[in-house]
>>> print(open('query.txt').read())   # compact mmCIF, C-alpha atoms and all ligand atoms
# COMPACT_ATOMS: atom_id res chain seq x y z
CA MET A 1 12.93 19.74 11.16
CA VAL A 2 14.56 17.19 13.40
CA VAL A 3 18.10 18.09 14.42
CA GLY A 4 20.67 16.13 12.45
CA SER A 5 18.46 15.64 9.44
CA LYS A 6 19.76 17.63 6.49
CA ILE A 7 17.08 16.80 4.02
CA ASN A 8 13.84 18.47 3.24
CA SER A 9 11.40 16.60 1.10
CA VAL A 10 10.93 12.87 1.37
CA MET A 11 8.50 11.05 -0.89
CA VAL A 12 7.34 7.57 0.02
CA LEU A 13 5.65 5.26 -2.49
CA ALA A 14 3.22 3.40 -0.29
CA GLY A 15 0.86 0.44 -0.09
CA GLY A 16 -0.91 -0.49 3.12
CA VAL A 17 0.47 -2.05 6.29
CA GLY A 18 4.22 -2.16 5.57
CA ALA A 19 4.26 1.40 4.29
CA ALA A 20 2.13 2.64 7.18
CA ARG A 21 4.57 1.17 9.69
CA PHE A 22 7.48 2.74 7.88
CA LEU A 23 5.79 6.15 7.76
CA ARG A 24 5.17 5.97 11.47
CA GLY A 25 8.88 5.42 12.01
CA LEU A 26 9.73 8.20 9.57
CA ALA A 27 7.56 10.58 11.60
CA LEU A 28 10.03 10.11 14.47
CA VAL A 29 13.10 11.12 12.51
CA HIS A 30 11.94 13.51 9.82
CA ASP A 31 9.81 16.63 9.62
CA GLN A 32 6.30 15.32 9.01
CA ARG A 33 5.30 18.34 6.95
CA ALA A 34 8.19 17.59 4.59
CA THR A 35 7.03 14.01 4.07
CA THR A 36 4.64 12.97 1.32
CA ALA A 37 3.19 9.49 0.99
CA LEU A 38 2.00 8.69 -2.52
CA VAL A 39 -0.43 5.89 -1.82
CA ASN A 40 -1.75 3.04 -3.96
CA THR A 41 -5.43 3.32 -4.84
CA GLY A 42 -5.60 0.29 -7.14
CA ASP A 43 -7.25 -1.57 -4.23
CA ASP A 44 -10.08 0.94 -4.02
CA THR A 45 -13.53 -0.47 -4.24
CA VAL A 46 -17.19 0.48 -4.01
CA LEU A 47 -19.40 -1.48 -1.61
CA HIS A 48 -22.88 -0.48 -0.43
CA GLY A 49 -22.40 2.45 -2.79
CA LEU A 50 -19.52 3.64 -0.56
CA ASN A 51 -16.08 4.58 -1.82
CA ILE A 52 -13.46 2.63 0.09
CA SER A 53 -9.71 3.27 -0.12
CA PRO A 54 -8.09 0.55 1.99
CA ASP A 55 -4.44 1.55 1.68
CA ILE A 56 -5.10 5.24 2.31
CA ASP A 57 -7.16 4.43 5.38
CA THR A 58 -4.56 1.98 6.68
CA VAL A 59 -1.89 4.67 6.38
CA ILE A 60 -4.00 7.36 8.04
CA TYR A 61 -5.31 5.14 10.84
CA THR A 62 -1.80 3.84 11.55
CA LEU A 63 -0.26 7.32 11.66
CA SER A 64 -2.93 8.50 14.06
CA GLU A 65 -2.46 5.35 16.19
CA ALA A 66 -6.07 4.36 15.71
CA ILE A 67 -5.42 1.18 13.71
CA ASP A 68 -6.26 -2.18 15.23
CA PRO A 69 -2.75 -3.56 15.77
CA GLN A 70 -3.81 -7.22 15.76
CA ARG A 71 -5.88 -7.11 12.59
CA GLY A 72 -3.59 -4.62 10.86
CA TRP A 73 -6.59 -2.94 9.23
CA GLY A 74 -9.59 -1.04 10.54
CA LEU A 75 -9.92 0.76 13.84
CA SER A 76 -9.19 -0.47 17.34
CA ASN A 77 -12.14 -0.92 19.71
CA GLU A 78 -14.31 -1.40 16.67
CA THR A 79 -17.86 -2.77 16.77
CA TRP A 80 -19.65 -4.55 13.91
CA ARG A 81 -23.35 -3.84 14.39
CA ALA A 82 -23.92 -2.49 10.90
CA MET A 83 -22.43 -5.68 9.40
CA GLU A 84 -24.63 -7.81 11.67
CA SER A 85 -27.70 -5.82 10.71
CA LEU A 86 -26.92 -6.42 7.04
CA LYS A 87 -27.78 -10.12 7.44
CA ARG A 88 -31.47 -9.17 7.48
CA TYR A 89 -31.24 -8.19 3.82
CA VAL A 90 -29.30 -11.15 2.49
CA ASP A 91 -32.37 -13.39 2.08
CA VAL A 92 -34.40 -10.80 0.16
CA ARG A 93 -31.55 -9.86 -2.17
CA PRO A 94 -32.52 -10.88 -5.74
CA THR A 95 -30.20 -13.26 -7.57
CA GLY A 96 -27.41 -11.33 -9.21
CA SER A 97 -27.72 -8.36 -6.85
CA ILE A 98 -24.50 -7.20 -5.21
CA ALA A 99 -26.40 -5.45 -2.40
CA ALA A 100 -25.62 -6.43 1.20
CA PRO A 101 -22.17 -7.94 0.52
CA GLU A 102 -21.07 -9.76 3.65
CA TRP A 103 -17.62 -10.80 2.55
CA PHE A 104 -16.01 -7.41 3.21
CA ASN A 105 -16.19 -6.34 6.84
CA LEU A 106 -16.65 -2.68 7.58
CA GLY A 107 -16.63 -1.63 11.22
CA ASP A 108 -19.14 0.82 12.62
CA GLN A 109 -16.61 3.58 13.29
CA ASP A 110 -14.76 2.91 10.06
CA LEU A 111 -18.00 3.42 8.13
CA ALA A 112 -17.89 7.11 9.00
CA THR A 113 -14.74 7.48 6.90
CA HIS A 114 -16.42 5.86 3.89
CA PHE A 115 -19.55 7.95 4.39
CA TYR A 116 -17.43 11.09 4.38
CA ARG A 117 -15.34 10.08 1.35
CA THR A 118 -18.45 9.15 -0.63
CA ALA A 119 -20.38 12.28 0.28
CA ARG A 120 -17.50 14.57 -0.60
CA LYS A 121 -17.00 12.72 -3.88
CA SER A 122 -20.66 13.25 -4.78
CA GLU A 123 -20.13 16.95 -4.08
CA GLY A 124 -17.41 16.94 -6.72
CA ALA A 125 -14.30 16.94 -4.52
CA ASP A 126 -11.35 15.01 -5.95
CA ALA A 127 -9.49 12.17 -4.24
CA SER A 128 -6.53 14.36 -3.18
CA GLN A 129 -8.74 16.91 -1.54
CA ILE A 130 -10.87 14.30 0.22
CA THR A 131 -7.80 12.40 1.41
CA SER A 132 -6.24 15.55 2.84
CA GLU A 133 -9.47 16.32 4.69
CA ILE A 134 -9.62 12.82 6.15
CA ALA A 135 -5.95 12.99 7.14
CA ARG A 136 -6.58 16.34 8.81
CA ALA A 137 -9.55 14.92 10.72
CA TRP A 138 -7.21 12.22 12.08
CA LYS A 139 -4.55 14.85 12.86
CA VAL A 140 -2.00 13.34 10.50
CA ALA A 141 0.72 15.89 9.72
CA GLN A 142 2.42 13.97 6.90
CA ARG A 143 0.99 14.70 3.49
CA ILE A 144 -1.06 11.71 2.33
CA VAL A 145 -1.82 11.76 -1.39
CA PRO A 146 -3.63 9.16 -3.50
CA MET A 147 -1.45 8.07 -6.44
CA THR A 148 -3.99 9.56 -8.85
CA ASN A 149 -7.37 11.28 -8.70
CA ASN A 150 -8.59 9.04 -11.53
CA VAL A 151 -10.00 5.57 -11.13
CA VAL A 152 -7.42 2.82 -11.48
CA ALA A 153 -8.59 -0.65 -10.57
CA THR A 154 -6.40 -3.70 -10.00
CA PHE A 155 -7.64 -6.99 -11.44
CA VAL A 156 -6.05 -10.42 -11.19
CA GLU A 157 -6.32 -13.13 -13.82
CA LEU A 158 -7.03 -16.61 -12.49
CA ALA A 159 -4.36 -19.19 -13.36
CA GLN A 160 -6.69 -22.18 -13.13
CA ASP A 161 -10.34 -23.13 -12.67
CA CYS A 162 -11.19 -22.56 -9.01
CA GLN A 163 -13.93 -21.39 -6.65
CA ALA A 164 -13.43 -17.83 -7.92
CA GLY A 165 -14.01 -18.67 -11.59
CA LYS A 166 -12.47 -20.25 -14.66
CA ALA A 167 -8.83 -20.02 -15.72
CA GLY A 168 -8.28 -16.76 -17.60
CA GLU A 169 -11.14 -14.89 -15.93
CA GLN A 170 -10.36 -11.64 -14.17
CA ILE A 171 -11.59 -10.77 -10.69
CA SER A 172 -11.20 -7.52 -8.80
CA PHE A 173 -8.39 -7.15 -6.32
CA GLN A 174 -10.70 -7.08 -3.27
CA GLU A 175 -12.49 -10.24 -4.41
CA TYR A 176 -9.09 -11.91 -4.72
CA PHE A 177 -7.73 -10.51 -1.47
CA VAL A 178 -10.73 -10.58 0.85
CA LYS A 179 -13.46 -12.77 -0.65
CA TYR A 180 -11.11 -15.60 -1.64
CA GLN A 181 -8.46 -14.73 0.99
CA HIS A 182 -5.78 -14.64 -1.75
CA SER A 183 -5.92 -18.44 -1.84
CA VAL A 184 -6.41 -18.74 -5.62
CA ALA A 185 -3.51 -18.85 -8.10
CA VAL A 186 -3.08 -15.87 -10.43
CA ARG A 187 -1.15 -15.58 -13.69
CA ALA A 188 -1.42 -11.89 -14.59
CA ILE A 189 -2.29 -8.55 -13.01
CA TYR A 190 -4.01 -5.62 -14.71
CA PHE A 191 -4.29 -2.03 -13.59
CA GLN A 192 -7.39 -0.85 -15.42
CA GLY A 193 -7.28 2.84 -16.23
CA ALA A 194 -3.59 3.26 -15.40
CA GLU A 195 -2.51 4.33 -18.91
CA THR A 196 -4.84 7.31 -18.98
CA ALA A 197 -4.77 8.22 -15.28
CA LYS A 198 -2.80 11.32 -14.32
CA PRO A 199 -0.37 10.62 -11.47
CA ASN A 200 -0.37 13.01 -8.52
CA CYS A 201 2.78 14.72 -7.27
CA ILE A 202 4.93 13.90 -10.29
CA ASP A 203 6.80 17.22 -9.99
CA GLU A 204 7.31 16.80 -6.25
CA LEU A 205 8.54 13.29 -6.94
CA SER A 206 11.20 14.55 -9.32
CA ARG A 207 12.27 17.22 -6.81
CA ALA A 208 12.21 15.02 -3.70
CA GLU A 209 15.56 14.70 -1.98
CA VAL A 210 14.86 11.16 -0.96
CA ILE A 211 12.40 8.78 -2.63
CA VAL A 212 11.51 5.68 -0.65
CA ILE A 213 9.83 2.59 -2.02
CA ALA A 214 8.18 1.33 1.15
CA PRO A 215 8.14 -2.36 2.11
CA SER A 216 4.84 -3.00 0.38
CA ASN A 217 3.64 -5.64 -2.04
CA PRO A 218 5.77 -4.92 -5.15
CA ILE A 219 3.12 -6.27 -7.53
CA VAL A 220 -0.22 -4.96 -6.30
CA SER A 221 0.79 -2.00 -4.08
CA ILE A 222 3.87 -0.48 -5.73
CA GLY A 223 2.89 -1.96 -9.14
CA PRO A 224 -0.15 0.29 -9.67
CA ILE A 225 1.87 3.42 -8.81
CA ARG A 226 4.60 2.39 -11.25
CA ALA A 227 1.97 1.69 -13.92
CA LEU A 228 0.96 5.35 -14.01
CA THR A 229 2.40 7.21 -16.96
CA GLY A 230 5.63 9.00 -16.08
CA ILE A 231 6.29 7.55 -12.62
CA ASP A 232 8.94 5.00 -13.65
CA GLU A 233 10.64 7.60 -15.85
CA VAL A 234 10.99 9.97 -12.89
CA LEU A 235 12.31 7.15 -10.73
CA VAL A 236 14.84 6.09 -13.37
CA ALA A 237 16.00 9.70 -13.82
CA ASN A 238 16.42 10.09 -10.05
CA ARG A 239 17.59 6.55 -9.34
CA GLU A 240 20.50 7.73 -7.18
CA ARG A 241 18.02 9.11 -4.67
CA VAL A 242 15.65 6.16 -4.69
CA VAL A 243 15.93 3.62 -1.88
CA ALA A 244 13.70 0.58 -1.55
CA ILE A 245 13.02 -1.62 1.47
CA SER A 246 12.42 -5.30 0.80
CA PRO A 247 8.95 -6.49 1.80
CA ILE A 248 10.20 -10.07 1.49
CA ILE A 249 12.05 -11.42 4.50
CA GLY A 250 13.63 -14.85 4.50
CA GLY A 251 11.79 -15.60 1.27
CA HIS A 252 8.38 -14.78 2.72
CA ALA A 253 5.95 -11.92 3.14
CA LEU A 254 5.23 -11.11 6.77
CA LYS A 255 1.56 -11.18 5.85
CA GLY A 256 -0.47 -11.33 2.66
CA PRO A 257 0.15 -12.87 -0.75
CA ALA A 258 3.29 -10.99 -1.91
CA ASP A 259 5.50 -14.09 -1.78
CA ARG A 260 3.11 -16.39 -3.63
CA MET A 261 2.20 -13.72 -6.12
CA LEU A 262 5.87 -13.14 -6.98
CA THR A 263 6.39 -16.85 -7.60
CA GLU A 264 3.17 -17.24 -9.59
CA LEU A 265 4.19 -14.35 -11.83
CA GLY A 266 7.64 -15.77 -12.49
CA HIS A 267 9.73 -13.75 -10.06
CA GLU A 268 11.84 -15.01 -7.21
CA SER A 269 10.25 -14.62 -3.78
CA SER A 270 13.35 -13.28 -2.05
CA ALA A 271 15.16 -10.03 -1.41
CA LEU A 272 17.13 -10.84 -4.57
CA GLY A 273 13.88 -11.09 -6.53
CA ILE A 274 12.94 -7.67 -5.15
CA ALA A 275 16.34 -6.33 -6.23
CA ARG A 276 15.70 -7.51 -9.78
CA LEU A 277 12.26 -5.88 -9.81
CA TYR A 278 13.57 -2.55 -8.56
CA LYS A 279 17.10 -2.32 -9.94
CA SER A 280 16.18 -0.01 -12.81
CA ILE A 281 14.44 2.48 -10.50
CA ALA A 282 16.34 2.27 -7.20
CA SER A 283 20.04 2.53 -6.38
CA THR A 284 19.79 1.09 -2.88
CA LEU A 285 17.93 -1.86 -1.42
CA ILE A 286 17.57 -2.35 2.32
CA ILE A 287 17.16 -5.99 3.28
CA ASP A 288 16.57 -7.77 6.54
CA SER A 289 19.39 -9.22 8.64
CA VAL A 290 18.08 -12.76 8.04
CA ASP A 291 18.86 -12.22 4.34
CA ALA A 292 22.44 -11.03 4.90
CA ASP A 293 23.76 -13.83 2.68
CA LEU A 294 21.99 -12.27 -0.33
CA LYS A 295 23.93 -8.99 -0.06
CA ASP A 296 26.66 -9.94 -2.58
CA ALA A 297 24.17 -11.26 -5.13
CA ILE A 298 22.10 -8.09 -4.79
CA GLU A 299 25.18 -5.93 -5.29
CA ARG A 300 26.03 -7.92 -8.40
CA GLU A 301 22.63 -6.76 -9.73
CA GLY A 302 23.99 -3.21 -9.49
CA LEU A 303 22.32 -2.03 -6.28
CA ARG A 304 23.87 -0.88 -3.04
CA CYS A 305 22.63 -3.20 -0.34
CA ILE A 306 22.15 -2.36 3.32
CA VAL A 307 21.47 -5.12 5.84
CA THR A 308 19.54 -4.25 8.98
CA ASN A 309 16.53 -5.19 11.07
CA THR A 310 13.51 -4.37 8.93
CA VAL A 311 10.71 -6.07 10.88
CA MET A 312 8.90 -3.06 12.30
CA SER A 313 7.38 -4.88 15.24
CA ASP A 314 7.76 -1.77 17.37
CA LEU A 315 8.18 1.92 16.87
CA LYS A 316 11.84 1.89 17.82
CA VAL A 317 12.75 -0.47 14.97
CA ALA A 318 10.58 1.55 12.57
CA GLY A 319 12.36 4.78 13.58
CA GLN A 320 15.78 3.16 13.17
CA LEU A 321 14.83 1.76 9.78
CA ALA A 322 13.59 5.18 8.66
CA GLN A 323 16.84 6.81 9.79
CA THR A 324 18.92 4.16 8.01
CA THR A 325 16.81 4.75 4.90
CA LEU A 326 17.40 8.51 4.93
CA ASP A 327 21.12 8.07 5.71
CA SER A 328 21.49 5.72 2.76
CA VAL A 329 20.83 8.61 0.40
CA VAL A 330 22.13 11.61 2.34
CA ARG A 331 25.86 11.35 2.66
P1 LIG A 401 -1.35 -4.21 2.27
O1 LIG A 401 -1.66 -3.19 1.22
O2 LIG A 401 -1.76 -3.77 3.62
O3 LIG A 401 -1.78 -5.57 1.92
O4 LIG A 401 0.16 -4.37 2.41
P2 LIG A 401 1.46 -3.82 1.76
O5 LIG A 401 1.27 -3.28 0.41
O6 LIG A 401 2.09 -2.97 2.77
O7 LIG A 401 2.27 -5.13 1.50
C1 LIG A 401 2.41 -6.16 2.35
C2 LIG A 401 3.89 -6.45 2.34
O8 LIG A 401 4.49 -5.60 3.30
C3 LIG A 401 4.24 -7.87 2.71
O9 LIG A 401 5.15 -8.39 1.76
C4 LIG A 401 4.92 -7.73 4.05
O10 LIG A 401 5.98 -8.67 4.23
C5 LIG A 401 5.45 -6.33 4.01
N1 LIG A 401 5.61 -5.78 5.33
C6 LIG A 401 4.63 -5.53 6.25
N2 LIG A 401 5.18 -5.10 7.39
C7 LIG A 401 6.53 -5.07 7.20
C8 LIG A 401 7.66 -4.74 8.02
O11 LIG A 401 7.55 -4.38 9.20
N3 LIG A 401 8.91 -4.84 7.45
C9 LIG A 401 9.09 -5.25 6.17
N4 LIG A 401 10.35 -5.32 5.69
N5 LIG A 401 8.06 -5.58 5.38
C10 LIG A 401 6.81 -5.51 5.89
CA CA A 402 -3.29 -2.85 -0.17
>>> encode(input="query.txt", output="structure tokens", more="lines below")
Ligand code: GDP
Ligand code: CA
Amino acid sequence: MVVGSKINSVMVLAGGVGAARFLRGLALVHDQRATTALVNTGDDTVLHGLNISPDIDTVIYTLSEAIDPQRGWGLSNETWRAMESLKRYVDVRPTGSIAAPEWFNLGDQDLATHFYRTARKSEGADASQITSEIARAWKVAQRIVPMTNNVVATFVELAQDCQAGKAGEQISFQEYFVKYQHSVAVRAIYFQGAETAKPNCIDELSRAEVIVIAPSNPIVSIGPIRALTGIDEVLVANRERVVAISPIIGGHALKGPADRMLTELGHESSALGIARLYKSIASTLIIDSVDADLKDAIEREGLRCIVTNTVMSDLKVAGQLAQTTLDSVVR
């Protein structure tokens, strides 16, 4: 345990990049073995017959400093020979076949992770076990846990006729995010399988001394976790110990579709919009300094509001943000 820190267990509800950066900062100021990240798996997909868990891998690669910092996903010093070799098969692929998909890039080194996950799954290992093995292989000391061991799949409903399909049709999250580069308007989100899936770590969540909602996409990263039966109830019951960090800064997402998605689904794309989404489950919202003028409005929503630098462009800021987050609950 780091000197000065009085708390034991910290649970972080996590999506991909924003959460990974936060967890890296948290590792500087809190005992890593007393930290659990409960990670979104609604983005999971199967390609080439391989099980891929983008948010889990982003978290693990970031914590082991192997992530490509420019891309924000995948491994640094990556090569793409397998993807290039796939081109050979595209012309012989029968109409309707989903073999040899080229729209989702998988690096050569990264493939090893998906090979391992898929092989262990076929041996009967569950997602928690496999994730802990992968985290151990990357020497990650924080506990990384998929939100559930069951399959939950995020789908988006198209708001209008577009290249991705007709208005009202549903496409998978990865098609939306990667294939169509989140450039198509959506009007609803579905988390298939969420009602029957059993959440992981629900007891630990209710016992955690601090619960952090990481700065992740509130709709498609935190949304799937909240959709699992019992999670919101635990958060509501422990609201005093729940602190959220706004992923929206100056009205915008740093990257990705969170801002547009909020607007398309009828929310406000601002730290105040985030406050309204989280006010029933969190007692504190940490917002960026550029949004300082929203503090009063957020407090009128019934949340404590802390204003600080939340753009984790370097490790120092991430560490400071993690400390501020812990201090906001421990008093
Ligand atoms: P993904 O799963 O990798 O797409 O990403 P996330 O679930 O982490 O969500 C992306 C959101 O995280 C966007 O709204 C970003 O603005 C936010 N985000 C990413 N990095 C940071 C950061 O350093 N600080 C804050 N406050 N938000 C961030
Ligand atoms: Ca994600």
>>> closest_atom_pairs(input="query.txt", of="region 50-107 of chain A", to="region 166-181 of chain A", cutoff="12 Å", atoms="only C-alpha atoms", output="Markdown table")
| residue | atom | partner | partner_atom | distance |
| --- | --- | --- | --- | --- |
| A:Ile52 | CA | A:Gln174 | CA | 10.6 |
| A:Ser53 | CA | A:Gln174 | CA | 10.9 |
| A:Pro54 | CA | A:Gln174 | CA | 9.6 |
| A:Asp55 | CA | A:Gln174 | CA | 11.8 |
| A:Pro101 | CA | A:Lys179 | CA | 10.0 |
| A:Glu102 | CA | A:Lys179 | CA | 9.2 |
| A:Trp103 | CA | A:Lys179 | CA | 5.6 |
| A:Phe104 | CA | A:Val178 | CA | 6.6 |
| A:Asn105 | CA | A:Val178 | CA | 9.1 |
| A:Leu106 | CA | A:Val178 | CA | 11.9 |
>>> residues_near_point(input="query.txt", point="(13.7, 17.0, 0.3)", cutoff="6 Å", atoms="all atoms listed in the file", output="compact mmCIF listing (two decimals) with C-alpha atoms, in the frame of the given file")
# COMPACT_ATOMS: atom_id res chain seq x y z
CA ILE A 7 17.08 16.80 4.02
CA ASN A 8 13.84 18.47 3.24
CA SER A 9 11.40 16.60 1.10
CA VAL A 10 10.93 12.87 1.37
CA ALA A 208 12.21 15.02 -3.70
CA GLU A 209 15.56 14.70 -1.98
>>> axis_aligned_box(input="query.txt", around="ligand LIG 401 (chain A)", padding_each_side="4 Å", output="JSON")
{"center_x": 4.3, "center_y": -5.8, "center_z": 4.8, "size_x": 20.1, "size_y": 13.7, "size_z": 16.8}
>>> atom_distance(input="query.txt", atom1="CA of Thr284 (chain A)", atom2="CA of Leu303 (chain A)")
5.3 Å
>>> residues_near_ligand(input="query.txt", ligand="ligand LIG 401 (chain A)", cutoff="8 Å", atoms="all atoms listed in the file", output="PyMOL selection string")
chain A and resi 14-22+43+54-55+58+72-73+214-218+220-222+245-249+252-259+287-288+310-313+318
>>> atom_distance(input="query.txt", atom1="CA of Ala275 (chain A)", atom2="CA of Val317 (chain A)")
22.3 Å
>>> atom_distance(input="query.txt", atom1="CA of Ala153 (chain A)", atom2="CA of Gln192 (chain A)")
5.0 Å
>>> closest_residue(input="query.txt", among="A:Gly230, A:Gly165, A:Gly223, A:Gly250", to="ligand CA 402 (chain A)", atoms="only C-alpha atoms and all ligand atoms")
A:Gly223
>>> residues_near_point(input="query.txt", point="(-19.5, 5.7, 4.0)", cutoff="9 Å", atoms="all atoms listed in the file", output="PDB file with C-alpha atoms, in the frame of the given file")
ATOM      1  CA  HIS A  48     -22.880  -0.480  -0.430  1.00  0.00           C
ATOM      2  CA  GLY A  49     -22.400   2.450  -2.790  1.00  0.00           C
ATOM      3  CA  LEU A  50     -19.520   3.640  -0.560  1.00  0.00           C
ATOM      4  CA  ASN A  51     -16.080   4.580  -1.820  1.00  0.00           C
ATOM      5  CA  ILE A  52     -13.460   2.630   0.090  1.00  0.00           C
ATOM      6  CA  ASP A 110     -14.760   2.910  10.060  1.00  0.00           C
ATOM      7  CA  LEU A 111     -18.000   3.420   8.130  1.00  0.00           C
ATOM      8  CA  ALA A 112     -17.890   7.110   9.000  1.00  0.00           C
ATOM      9  CA  THR A 113     -14.740   7.480   6.900  1.00  0.00           C
ATOM     10  CA  HIS A 114     -16.420   5.860   3.890  1.00  0.00           C
ATOM     11  CA  PHE A 115     -19.550   7.950   4.390  1.00  0.00           C
ATOM     12  CA  TYR A 116     -17.430  11.090   4.380  1.00  0.00           C
ATOM     13  CA  ARG A 117     -15.340  10.080   1.350  1.00  0.00           C
ATOM     14  CA  THR A 118     -18.450   9.150  -0.630  1.00  0.00           C
ATOM     15  CA  ALA A 119     -20.380  12.280   0.280  1.00  0.00           C
TER      16      ALA A 119
END
>>> residues_around(input="query.txt", residues="His267 (chain A)", least_positions_apart="2", cutoff="12 Å", atoms="all atoms listed in the file", output="PyMOL selection string")
chain A and resi 187+218-219+251+258-265+269-278
>>> residues_around(input="query.txt", residues="Val307 (chain A)", least_positions_apart="3", cutoff="9 Å", atoms="only C-alpha atoms", output="number ranges by chain")
A: 285-292, 295, 310
